[in-house]
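Colleague: Please read through the structure below; I'll follow up with questions.
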Amino acid sequence: MNVAIIGAGAVGARAARQLASTDSVDRIVVSDSDEEKVETVVASLRPERASAADIHDSLPGVDERVSVVVLAAPHLAQAELARRYVANGVAVVSVADGIDDVRALLDLDAHARAHHTSVIVGAGFSPGLTCVLAAHAASLFDHVDEVHVARAGTGGPACASAHHRALGSAALDWRDGAWVNRRAGSGRELCWFPDPIGGADCYRAALPDALLLAPAFPGVGRVTARLAANRRDRVTSRFPMLRPPHPEGGLGAVRVEVRGRRGSARVVQVLGAMDRPAVAAGAVAALAAVSTANGDVLRTGAGGLAEMVNPLPFLAELARRGVKAAVFEGAAAS
């Protein structure tokens with residue numbers, strides 16, 4: 001299979017390297033507005049398997065007969081680009097993590113179904129890995145009542161900028177069959193992430209997780225998402241960033257709490273993962289692209305990973321690639 005990657009930043013570069021180590025991938029076509037980044041990514045891969053494409057082409061990579069494209073450039077109009085790829089029979093994997101972008105991509109569901117292909121939305125660290133963790137946890141329940149997601153840390157500069165904007169915008173929750181807007185920066189909750197991240201105060205933010213998770217669990221009562229932040233993050237979130245983000249973030253983590261019923265019992269399951277967000281996001285995006293090209297997705301149309309992939313094999317392959325999930329077992333009192 002041939003795969004195109006639009007965006008050679010922290011996530012796109014990691015996705016390219018993951019794809020280069022996948023036997024079923026024959027060729028990787030990389031495109032970005034920053035030609036130097038493209039050259040760096042292509043040079044890091046085997047030359048017979050990677051090439052550059054002009055970002056100004058109407059559909060970069062189509063001439064290379066790509067079967068799937070990974071959209072990892074946050075500043076592009078991803079929904080319109082995805083629409084044109086789908087019309088040409090190319091499946092799409094997007095790492096978008098903004099509410100407006102995710103909503104627009106999900107609106108392509110009927111278009112993708114009509115062209116018998118898939119648009120996987122939010123295939124990163126969070127959303128992305130969190131969606132797969134939620135789907136796996138949900139498989140242990142008879143009925144899911146609540147899903148609560150939290151994340152800590154940022155990947156590359158685009159991720160850090162999105163983190164900053166999310167704390168200054170309106171949050172979106174799913175509650176009892178309706179969408180509810182919440183004030184970002186409110187709803188402080190102490191969330192425990194896998195070591196060495198540990199406990200962190202998390203707040204409501206403009207995160208798209210509920211848009212992806214609510215459709216995946218019919219009848220779910222509540223879906224929320226929170227972001228780890230300190231006081232400075234919250235105070236400065238409504239102003240422009242005072243200094244450029246670091247080109248590569250440090251360690252990050254995600255946490256997914258699912259509540260529901262198993263038989264007559266009320267049950268809570270907590271899963272998490274710890275990694276550098278850009279590394280984990282690149283692995284998730286690459287594996288989503290491979291799954292789509294191989295026909296391993298559960299349906300055509302547009303949706304998040306909770307709806308589109310079988311969670312256990314997906315998590316097993318991610319673990320083989322170095323991104324491992326953990327189950328919170330609790331600790332016995334002394």
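Chain labels follow the order of the structure tokens: the first chain is A, the next B, and so on; residue numbering restarts at 1 in every chain, and ligands are counted from 1 in their shown order.
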If you take only C-alpha atoms and a cut-off of 12 Å, which residues of range 27-102 of chain A touch range 162-172 of chain A, and what are their nearest atom pairs and distances in Å to one decimal, in chain and number order, as a Markdown table?
Modeller:
| residue | atom | partner | partner_atom | distance |
| --- | --- | --- | --- | --- |
| A:Pro74 | CA | A:Ala162 | CA | 9.3 |
| A:His75 | CA | A:Ala162 | CA | 10.9 |
| A:Ala96 | CA | A:Ala162 | CA | 10.1 |
| A:Asp97 | CA | A:Ala162 | CA | 7.9 |
| A:Gly98 | CA | A:Ala162 | CA | 7.5 |
| A:Ile99 | CA | A:Leu172 | CA | 8.5 |
| A:Asp100 | CA | A:Leu172 | CA | 11.3 |
| A:Asp101 | CA | A:Ala162 | CA | 12.0 |
Colleague: Mind writing the picked residues with N, CA, C and O atoms as a PDB file, in the first residue's frame?
Modeller:
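again05.pdb was written with the following content:
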ATOM      1  N   PRO A  74      -2.295  20.887  11.246  1.00  0.00           N
ATOM      2  CA  PRO A  74      -3.455  21.485  11.916  1.00  0.00           C
ATOM      3  C   PRO A  74      -3.963  22.758  11.279  1.00  0.00           C
ATOM      4  O   PRO A  74      -5.105  23.156  11.513  1.00  0.00           O
ATOM      5  N   HIS A  75      -3.143  23.426  10.459  1.00  0.00           N
ATOM      6  CA  HIS A  75      -3.557  24.720   9.927  1.00  0.00           C
ATOM      7  C   HIS A  75      -4.283  24.606   8.581  1.00  0.00           C
ATOM      8  O   HIS A  75      -4.723  25.605   8.034  1.00  0.00           O
ATOM      9  N   ALA A  96      -6.859  15.596  13.907  1.00  0.00           N
ATOM     10  CA  ALA A  96      -7.465  16.838  14.385  1.00  0.00           C
ATOM     11  C   ALA A  96      -7.953  16.688  15.823  1.00  0.00           C
ATOM     12  O   ALA A  96      -8.532  15.661  16.192  1.00  0.00           O
ATOM     13  N   ASP A  97      -7.719  17.734  16.644  1.00  0.00           N
ATOM     14  CA  ASP A  97      -8.188  17.688  18.024  1.00  0.00           C
ATOM     15  C   ASP A  97      -8.914  18.973  18.429  1.00  0.00           C
ATOM     16  O   ASP A  97      -9.018  19.282  19.620  1.00  0.00           O
ATOM     17  N   GLY A  98      -9.422  19.720  17.435  1.00  0.00           N
ATOM     18  CA  GLY A  98     -10.237  20.890  17.715  1.00  0.00           C
ATOM     19  C   GLY A  98     -11.708  20.569  17.504  1.00  0.00           C
ATOM     20  O   GLY A  98     -12.071  19.779  16.625  1.00  0.00           O
ATOM     21  N   ILE A  99     -12.572  21.165  18.302  1.00  0.00           N
ATOM     22  CA  ILE A  99     -13.999  20.864  18.227  1.00  0.00           C
ATOM     23  C   ILE A  99     -14.556  21.149  16.836  1.00  0.00           C
ATOM     24  O   ILE A  99     -15.269  20.323  16.254  1.00  0.00           O
ATOM     25  N   ASP A 100     -14.249  22.311  16.277  1.00  0.00           N
ATOM     26  CA  ASP A 100     -14.795  22.665  14.960  1.00  0.00           C
ATOM     27  C   ASP A 100     -14.292  21.728  13.867  1.00  0.00           C
ATOM     28  O   ASP A 100     -15.066  21.297  13.000  1.00  0.00           O
ATOM     29  N   ASP A 101     -12.988  21.405  13.898  1.00  0.00           N
ATOM     30  CA  ASP A 101     -12.429  20.502  12.892  1.00  0.00           C
ATOM     31  C   ASP A 101     -13.047  19.111  12.993  1.00  0.00           C
ATOM     32  O   ASP A 101     -13.404  18.493  11.977  1.00  0.00           O
TER      33      ASP A 101
END
Colleague: Write out as CSV a residue-level contact list of range 102-169 of chain A versus range 208-225 of chain A with cut-off 12 Å: for each qualifying residue the closest pair of atoms and the distance in Å to one decimal, counting only C-alpha atoms, rows sorted by chain and residue number upward.
Modeller:
residue,atom,partner,partner_atom,distance
A:Val102,CA,A:Pro208,CA,6.7
A:Arg103,CA,A:Leu211,CA,7.3
A:Ala104,CA,A:Leu211,CA,10.9
A:Leu105,CA,A:Leu212,CA,10.8
A:Leu106,CA,A:Leu212,CA,8.5
A:Asp107,CA,A:Leu211,CA,11.3
A:Ile120,CA,A:Leu212,CA,10.2
A:Val121,CA,A:Leu212,CA,8.0
A:Gly122,CA,A:Leu212,CA,8.0
A:Ala123,CA,A:Leu212,CA,10.6
A:Gly124,CA,A:Asp209,CA,11.3
A:Phe125,CA,A:Asp209,CA,11.2
A:Ser126,CA,A:Asp209,CA,7.6
A:Pro127,CA,A:Asp209,CA,5.7
A:Gly128,CA,A:Asp209,CA,8.8
A:Leu129,CA,A:Asp209,CA,10.9
A:Thr130,CA,A:Asp209,CA,8.5
A:Cys131,CA,A:Leu213,CA,6.8
A:Val132,CA,A:Leu213,CA,9.9
A:Leu133,CA,A:Leu213,CA,11.0
A:Ala134,CA,A:Leu213,CA,8.1
A:Ala135,CA,A:Ala216,CA,8.0
A:His136,CA,A:Ala216,CA,11.7
A:Ala137,CA,A:Phe217,CA,11.5
A:Ala138,CA,A:Phe217,CA,8.3
A:Ser139,CA,A:Phe217,CA,10.5
A:Phe141,CA,A:Phe217,CA,11.1
A:Asp142,CA,A:Phe217,CA,11.2
A:His143,CA,A:Val220,CA,8.1
A:Val144,CA,A:Val220,CA,5.8
A:Asp145,CA,A:Val220,CA,4.7
A:Glu146,CA,A:Arg222,CA,4.7
A:Val147,CA,A:Val223,CA,4.8
A:His148,CA,A:Thr224,CA,4.9
A:Val149,CA,A:Ala225,CA,4.6
A:Ala150,CA,A:Ala225,CA,5.6
A:Arg151,CA,A:Ala225,CA,8.1
A:Ala152,CA,A:Ala225,CA,11.4
A:Ala162,CA,A:Pro208,CA,11.7
A:Ala166,CA,A:Pro208,CA,9.9
A:Leu167,CA,A:Ala225,CA,11.8
A:Ser169,CA,A:Pro208,CA,12.0
Colleague: Counting only C-alpha atoms, which of A:Ala16, A:Leu81, A:Val86, A:Ala50 gets nearest to Thr117 in chain A?
Modeller: A:Val86
Colleague: Find the residue from A:Arg182, A:Lys324, A:Arg46, A:Arg113 that sits nearest to Ala280 in chain A; use only C-alpha atoms when measuring.
Modeller: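 Smallest distance to Ala280 in chain A is found for A:Lys324.
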Colleague: Excluding same-chain residues fewer than 6 positions from Ser291 in chain A, what lies within 9 Å of it counting only C-alpha atoms, as a PyMOL selection string?
Modeller: chain A and resi 297+309+314
Colleague: Could those selected residues go to a file with N, CA, C and O atoms, as an mmCIF file, in the first residue's frame?
Modeller:
data_model
loop_
_atom_site.group_PDB
_atom_site.id
_atom_site.type_symbol
_atom_site.label_atom_id
_atom_site.label_comp_id
_atom_site.auth_asym_id
_atom_site.auth_seq_id
_atom_site.Cartn_x
_atom_site.Cartn_y
_atom_site.Cartn_z
ATOM 1 N N VAL A 297 -11.164 -1.817 9.379
ATOM 2 C CA VAL A 297 -12.093 -0.958 10.116
ATOM 3 C C VAL A 297 -13.470 -1.609 10.138
ATOM 4 O O VAL A 297 -13.808 -2.427 9.279
ATOM 5 N N VAL A 309 -12.529 0.708 15.049
ATOM 6 C CA VAL A 309 -11.576 -0.399 15.122
ATOM 7 C C VAL A 309 -11.947 -1.336 16.260
ATOM 8 O O VAL A 309 -12.624 -0.957 17.216
ATOM 9 N N PHE A 314 -6.026 -3.701 18.217
ATOM 10 C CA PHE A 314 -5.398 -2.394 18.005
ATOM 11 C C PHE A 314 -4.434 -2.082 19.152
ATOM 12 O O PHE A 314 -3.294 -1.665 18.918
#
Colleague: Could you check the closest approach to Gly295 in chain A for each of A:Val30, A:Ala316, A:Gln78, A:Met1 and tell me which residue wins, using only C-alpha atoms?
Modeller: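 For Gly295 in chain A, the nearest of the candidates is A:Met1.
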Colleague: So which one's closest to Gln18 in chain A, A:Ala306, A:Val290, A:Ala184, A:Ala253? Using only C-alpha atoms, please.
Modeller: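 Once distances to Gln18 in chain A are computed over only C-alpha atoms, the minimum belongs to A:Val290.
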Colleague: Report the distance between CA of Val68 in chain A and CA of Val90 in chain A in Å, rounded to one decimal place.
Modeller: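 The value is 5.2 Å.
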Colleague: Name the residues of range 85-302 of chain A that come out as strand (DSSP E) in a backbone DSSP run; write them as a PyMOL selection string.
Modeller: chain A and resi 91-94+118-120+143-152+171-175+178-182+189-193+198-204+222-228+252-262+265-275+301-302
Colleague: Would you compute the distance between CA of Leu71 in chain A and CA of Pro313 in chain A? Give it in Å to one decimal.
Modeller: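 A separation of 23.4 Å between them.
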Colleague: When distances are computed from only C-alpha atoms, which of A:Asn181, A:Thr40, A:Thr154, A:Gln269 shows the smallest separation from Ala229 in chain A?
Modeller: A:Thr154
Colleague: Write down as a list of chain:residue names the residues of range 142-186 of chain A whose backbone DSSP state falls under alpha helix (DSSP H).
Modeller: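 Written out, the alpha helix (DSSP H) residues of range 142-186 of chain A are A:Pro157, A:Ala158, A:Cys159, A:Ala160, A:Ser161, A:Ala162, A:His163, A:His164, A:Arg165, A:Ala166.
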Colleague: Considering only C-alpha atoms, state which residue in the set A:Ala293, A:Gly153, A:Val95, A:Glu329 is at the smallest distance from Asp26 in chain A.
Modeller: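 Ranked by minimum distance to Asp26 in chain A, first place goes to A:Ala293.
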Colleague: Identify, on the basis of only C-alpha atoms, every residue whose closest approach to Ala20 in chain A does not exceed 12 Å; exclude the query and any residue fewer than 2 positions from it along the same chain; express the result as a PyMOL selection string.
Modeller: chain A and resi 1-5+13-18+22-30+41-51+282-283+286-287+290
Colleague: Would you mind listing what lies within 10 Å of His56 in chain A as a compact mmCIF listing (two decimals) with all heavy atoms, in the first residue's frame, with only C-alpha atoms counted and same-chain residues fewer than 3 positions away left out?
Modeller:
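New file selection-v1.txt:
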# COMPACT_ATOMS: atom_id res chain seq x y z
N SER A 31 4.22 15.56 2.62
CA SER A 31 3.97 16.91 2.11
C SER A 31 3.77 17.87 3.28
O SER A 31 3.15 17.51 4.29
CB SER A 31 2.74 16.91 1.20
OG SER A 31 2.52 18.18 0.66
N ASP A 32 4.31 19.07 3.14
CA ASP A 32 4.16 20.10 4.17
C ASP A 32 4.53 21.44 3.55
O ASP A 32 5.30 21.50 2.58
CB ASP A 32 5.08 19.79 5.37
CG ASP A 32 4.76 20.63 6.59
OD1 ASP A 32 5.08 21.83 6.60
OD2 ASP A 32 4.19 20.08 7.55
N SER A 33 4.02 22.52 4.13
CA SER A 33 4.37 23.85 3.63
C SER A 33 5.82 24.20 3.94
O SER A 33 6.41 25.07 3.29
CB SER A 33 3.44 24.90 4.24
OG SER A 33 3.50 24.87 5.65
N ALA A 53 6.07 15.43 -1.80
CA ALA A 53 5.05 15.91 -2.72
C ALA A 53 4.82 17.39 -2.45
O ALA A 53 4.96 17.85 -1.32
CB ALA A 53 3.74 15.14 -2.54
N LEU A 59 -4.24 17.53 -4.63
CA LEU A 59 -4.32 16.42 -3.69
C LEU A 59 -2.96 15.73 -3.64
O LEU A 59 -2.71 14.79 -4.41
CB LEU A 59 -5.41 15.43 -4.11
CG LEU A 59 -6.86 15.88 -3.95
CD1 LEU A 59 -7.80 14.83 -4.52
CD2 LEU A 59 -7.20 16.16 -2.50
N PRO A 60 -2.05 16.17 -2.77
CA PRO A 60 -0.72 15.56 -2.71
C PRO A 60 -0.80 14.05 -2.51
O PRO A 60 -1.51 13.56 -1.63
CB PRO A 60 -0.08 16.25 -1.50
CG PRO A 60 -0.81 17.55 -1.38
CD PRO A 60 -2.21 17.26 -1.79
Colleague: Interatomic distance between CA of Val93 in chain A and CA of Thr292 in chain A?
Modeller: 8.3 Å
Colleague: At a cut-off of 12 Å, using only C-alpha atoms, what residues contact His115 in chain A? Leave out same-chain residues fewer than 6 positions from it and give the result as an NGL selection string.
Modeller: :A and (83-91 or 108-109 or 300-302)
